[in-house]
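Source file: coords.txt (compact mmCIF, N, CA and C atoms)
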```
# COMPACT_ATOMS: atom_id res chain seq x y z
N MET E 266 208.43 60.47 62.52
CA MET E 266 209.68 60.82 61.90
C MET E 266 209.45 61.96 60.91
N SER E 267 210.43 62.83 60.85
CA SER E 267 210.36 63.93 59.90
C SER E 267 211.69 64.04 59.17
N TRP E 268 211.61 64.08 57.86
CA TRP E 268 212.78 64.20 57.02
C TRP E 268 212.83 65.62 56.47
N THR E 269 213.99 66.25 56.55
CA THR E 269 214.18 67.61 56.05
C THR E 269 215.52 67.70 55.33
N TRP E 270 215.68 68.81 54.63
CA TRP E 270 216.96 69.12 53.97
C TRP E 270 217.58 70.34 54.65
N ARG E 271 218.89 70.30 54.85
CA ARG E 271 219.64 71.49 55.28
C ARG E 271 220.40 71.97 54.06
N PHE E 272 220.25 73.25 53.74
CA PHE E 272 220.84 73.83 52.55
C PHE E 272 222.11 74.59 52.92
N LEU E 273 223.19 74.31 52.18
CA LEU E 273 224.49 74.90 52.48
C LEU E 273 224.99 75.77 51.33
N ALA E 274 225.66 76.86 51.70
CA ALA E 274 226.31 77.76 50.75
C ALA E 274 227.66 77.14 50.36
N PRO E 275 228.33 77.69 49.36
CA PRO E 275 229.63 77.14 48.94
C PRO E 275 230.66 77.03 50.06
N ASP E 276 230.59 77.91 51.07
CA ASP E 276 231.55 77.85 52.17
C ASP E 276 231.16 76.87 53.26
N GLY E 277 230.04 76.15 53.09
CA GLY E 277 229.59 75.17 54.07
C GLY E 277 228.66 75.72 55.13
N ALA E 278 228.49 77.05 55.15
CA ALA E 278 227.58 77.68 56.11
C ALA E 278 226.14 77.51 55.60
N PRO E 279 225.16 77.66 56.48
CA PRO E 279 223.78 77.62 56.01
C PRO E 279 223.56 78.65 54.90
N ALA E 280 222.85 78.24 53.87
CA ALA E 280 222.57 79.14 52.74
C ALA E 280 221.61 80.22 53.22
N SER E 281 222.03 81.47 53.09
CA SER E 281 221.18 82.57 53.57
C SER E 281 220.08 82.86 52.56
N GLY E 282 218.93 83.26 53.07
CA GLY E 282 217.83 83.66 52.22
C GLY E 282 217.09 82.50 51.57
N VAL E 283 217.39 81.28 51.98
CA VAL E 283 216.70 80.11 51.42
C VAL E 283 215.84 79.52 52.52
N ASP E 284 214.55 79.43 52.26
CA ASP E 284 213.62 78.89 53.25
C ASP E 284 213.74 77.37 53.28
N ASP E 285 214.26 76.84 54.39
CA ASP E 285 214.38 75.39 54.50
C ASP E 285 213.13 74.76 55.10
N GLY E 286 212.17 75.60 55.50
CA GLY E 286 210.90 75.09 55.99
C GLY E 286 210.90 74.59 57.42
N THR E 287 212.04 74.58 58.10
CA THR E 287 212.07 73.98 59.43
C THR E 287 211.29 74.76 60.48
N GLY E 288 211.01 76.02 60.21
CA GLY E 288 210.27 76.82 61.17
C GLY E 288 208.76 76.67 61.05
N ARG E 289 208.30 75.91 60.08
CA ARG E 289 206.86 75.75 59.88
C ARG E 289 206.42 74.37 60.37
N PRO E 290 205.22 74.30 60.98
CA PRO E 290 204.77 73.01 61.49
C PRO E 290 204.59 71.96 60.40
N GLU E 291 204.29 72.38 59.18
CA GLU E 291 204.08 71.43 58.10
C GLU E 291 205.37 71.08 57.37
N ALA E 292 206.50 71.57 57.88
CA ALA E 292 207.79 71.33 57.24
C ALA E 292 208.16 69.86 57.31
N GLY E 293 208.95 69.46 56.36
CA GLY E 293 209.48 68.11 56.36
C GLY E 293 208.67 67.18 55.47
N PHE E 294 209.16 65.97 55.38
CA PHE E 294 208.57 64.95 54.54
C PHE E 294 208.35 63.70 55.38
N PRO E 295 207.30 62.95 55.09
CA PRO E 295 207.03 61.76 55.91
C PRO E 295 208.02 60.62 55.69
N THR E 296 208.66 60.57 54.52
CA THR E 296 209.61 59.48 54.23
C THR E 296 210.86 60.03 53.55
N GLN E 297 211.91 59.24 53.60
CA GLN E 297 213.14 59.60 52.90
C GLN E 297 212.88 59.70 51.40
N SER E 298 212.10 58.79 50.88
CA SER E 298 211.79 58.80 49.45
C SER E 298 211.08 60.09 49.03
N ASP E 299 210.15 60.56 49.87
CA ASP E 299 209.45 61.82 49.56
C ASP E 299 210.43 62.99 49.54
N ALA E 300 211.35 63.01 50.50
CA ALA E 300 212.34 64.09 50.56
C ALA E 300 213.24 64.05 49.33
N GLU E 301 213.69 62.87 48.95
CA GLU E 301 214.58 62.76 47.80
C GLU E 301 213.86 63.09 46.50
N SER E 302 212.59 62.70 46.38
CA SER E 302 211.82 63.05 45.18
C SER E 302 211.65 64.55 45.07
N TRP E 303 211.35 65.21 46.20
CA TRP E 303 211.20 66.67 46.19
C TRP E 303 212.50 67.33 45.73
N LEU E 304 213.63 66.86 46.26
CA LEU E 304 214.91 67.45 45.87
C LEU E 304 215.15 67.26 44.37
N GLY E 305 214.80 66.09 43.86
CA GLY E 305 214.98 65.84 42.44
C GLY E 305 214.18 66.80 41.56
N GLU E 306 213.06 67.27 42.07
CA GLU E 306 212.22 68.20 41.32
C GLU E 306 212.63 69.66 41.50
N HIS E 307 213.32 69.98 42.59
CA HIS E 307 213.58 71.38 42.94
C HIS E 307 215.04 71.79 42.99
N TRP E 308 215.97 70.90 42.69
CA TRP E 308 217.39 71.22 42.89
C TRP E 308 217.85 72.41 42.04
N ARG E 309 217.32 72.55 40.84
CA ARG E 309 217.76 73.67 39.99
C ARG E 309 217.41 75.02 40.62
N GLY E 310 216.21 75.13 41.16
CA GLY E 310 215.81 76.37 41.82
C GLY E 310 216.65 76.64 43.05
N LEU E 311 217.03 75.59 43.77
CA LEU E 311 217.89 75.77 44.94
C LEU E 311 219.26 76.30 44.52
N VAL E 312 219.81 75.76 43.44
CA VAL E 312 221.10 76.23 42.93
C VAL E 312 220.99 77.72 42.57
N GLU E 313 219.92 78.08 41.89
CA GLU E 313 219.71 79.49 41.52
C GLU E 313 219.59 80.39 42.75
N ALA E 314 219.12 79.83 43.86
CA ALA E 314 218.98 80.60 45.10
C ALA E 314 220.28 80.64 45.91
N GLY E 315 221.34 80.00 45.41
CA GLY E 315 222.63 80.05 46.09
C GLY E 315 222.99 78.82 46.89
N VAL E 316 222.19 77.76 46.80
CA VAL E 316 222.51 76.53 47.53
C VAL E 316 223.56 75.75 46.74
N ASP E 317 224.63 75.36 47.44
CA ASP E 317 225.72 74.61 46.83
C ASP E 317 225.59 73.11 47.10
N SER E 318 225.13 72.78 48.30
CA SER E 318 225.01 71.37 48.68
C SER E 318 223.90 71.22 49.72
N VAL E 319 223.51 69.97 49.95
CA VAL E 319 222.42 69.68 50.88
C VAL E 319 222.81 68.54 51.80
N VAL E 320 222.16 68.52 52.95
CA VAL E 320 222.32 67.43 53.91
C VAL E 320 220.92 66.93 54.22
N LEU E 321 220.71 65.61 54.13
CA LEU E 321 219.43 65.03 54.49
C LEU E 321 219.43 64.76 55.99
N VAL E 322 218.36 65.21 56.67
CA VAL E 322 218.27 65.12 58.12
C VAL E 322 216.98 64.39 58.50
N GLU E 323 217.11 63.42 59.41
CA GLU E 323 215.94 62.74 59.96
C GLU E 323 215.87 63.02 61.44
N ASP E 324 214.81 63.70 61.86
CA ASP E 324 214.61 64.01 63.27
C ASP E 324 215.87 64.57 63.93
N GLY E 325 216.54 65.51 63.26
CA GLY E 325 217.71 66.16 63.82
C GLY E 325 219.02 65.43 63.62
N ARG E 326 219.00 64.26 63.02
CA ARG E 326 220.21 63.47 62.80
C ARG E 326 220.58 63.51 61.32
N ASP E 327 221.83 63.88 61.03
CA ASP E 327 222.31 63.89 59.65
C ASP E 327 222.33 62.45 59.12
N VAL E 328 221.66 62.22 58.00
CA VAL E 328 221.62 60.90 57.39
C VAL E 328 222.71 60.77 56.34
N TYR E 329 222.80 61.77 55.45
CA TYR E 329 223.90 61.82 54.50
C TYR E 329 224.10 63.23 54.00
N GLY E 330 225.27 63.45 53.43
CA GLY E 330 225.63 64.76 52.93
C GLY E 330 226.81 65.28 53.70
N PRO E 331 227.31 66.41 53.28
CA PRO E 331 226.76 67.24 52.23
C PRO E 331 226.91 66.60 50.85
N MET E 332 225.86 66.81 50.06
CA MET E 332 225.81 66.32 48.69
C MET E 332 225.72 67.53 47.77
N SER E 333 226.66 67.61 46.84
CA SER E 333 226.70 68.74 45.93
C SER E 333 225.49 68.76 45.01
N LEU E 334 225.02 69.97 44.69
CA LEU E 334 223.95 70.13 43.73
C LEU E 334 224.48 70.55 42.35
N ALA E 335 225.79 70.61 42.21
CA ALA E 335 226.39 70.97 40.93
C ALA E 335 226.08 69.89 39.91
N PRO E 336 225.67 70.30 38.70
CA PRO E 336 225.40 69.30 37.67
C PRO E 336 226.69 68.57 37.30
N PRO E 337 226.56 67.32 36.83
CA PRO E 337 227.77 66.60 36.44
C PRO E 337 228.46 67.27 35.25
N ASP E 338 229.75 67.11 35.19
CA ASP E 338 230.53 67.70 34.09
C ASP E 338 230.25 66.99 32.79
```
Using structure tokens, write down the structure from this file.
Amino acid sequence: MSWTWRFLAPDGAPASGVDDGTGRPEAGFPTQSDAESWLGEHWRGLVEAGVDSVVLVEDGRDVYGPMSLAPPD
């Protein structure tokens, strides 16, 4: 199993210029927990790169999302 994130722009399209890692053999995370921990550590940088929301994907299947990366009000 491989867990990955899909990064979306504000219009819902794939965020351009953001490396989601899917083209690399080492891409992905072995567990959902690893993927979620990584996002917790990197979400601010993703926002700065133009990512508005994310979708968690397991082996090509959307698990949840889109989930906004906007900080709470």
Give me, please, the distance in Å between CA of Ser302 in chain E and CA of Asp276 in chain E, quoted to one decimal. 25.6 Å
What gap, in Å, lies between CA of Trp268 in chain E and CA of Ala280 in chain E? 18.4 Å
Write out as a PyMOL selection string the residues lying within 7 Å of range 319-332 of chain E, counting only N, CA and C atoms and excluding same-chain residues fewer than 6 positions away. chain E and resi 266-273
Please, what distance in Å, to one decimal, runs between CA of Gln297 in chain E and CA of Glu313 in chain E?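 It comes out at 23.8 Å.
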Which of chain E DSSP labels strand (DSSP E), written as number ranges by chain: E: 268-273, 318-323, 326-333
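For the residues E:Asp284, E:Ala335, E:Pro279, E:Phe294, ranking by smallest atom-to-atom distance to Val312 in chain E using all atoms listed in the file places E:Ala335 first.
The residues of range 288-338 of chain E that DSSP assigns to helix (DSSP H, G or I) on this backbone come out as Gln297, Ser298, Asp299, Ala300, Glu301, Ser302, Trp303, Leu304, Gly305, Glu306, His307, Trp308, Arg309, Gly310, Leu311, Val312 and Glu313 of chain E.
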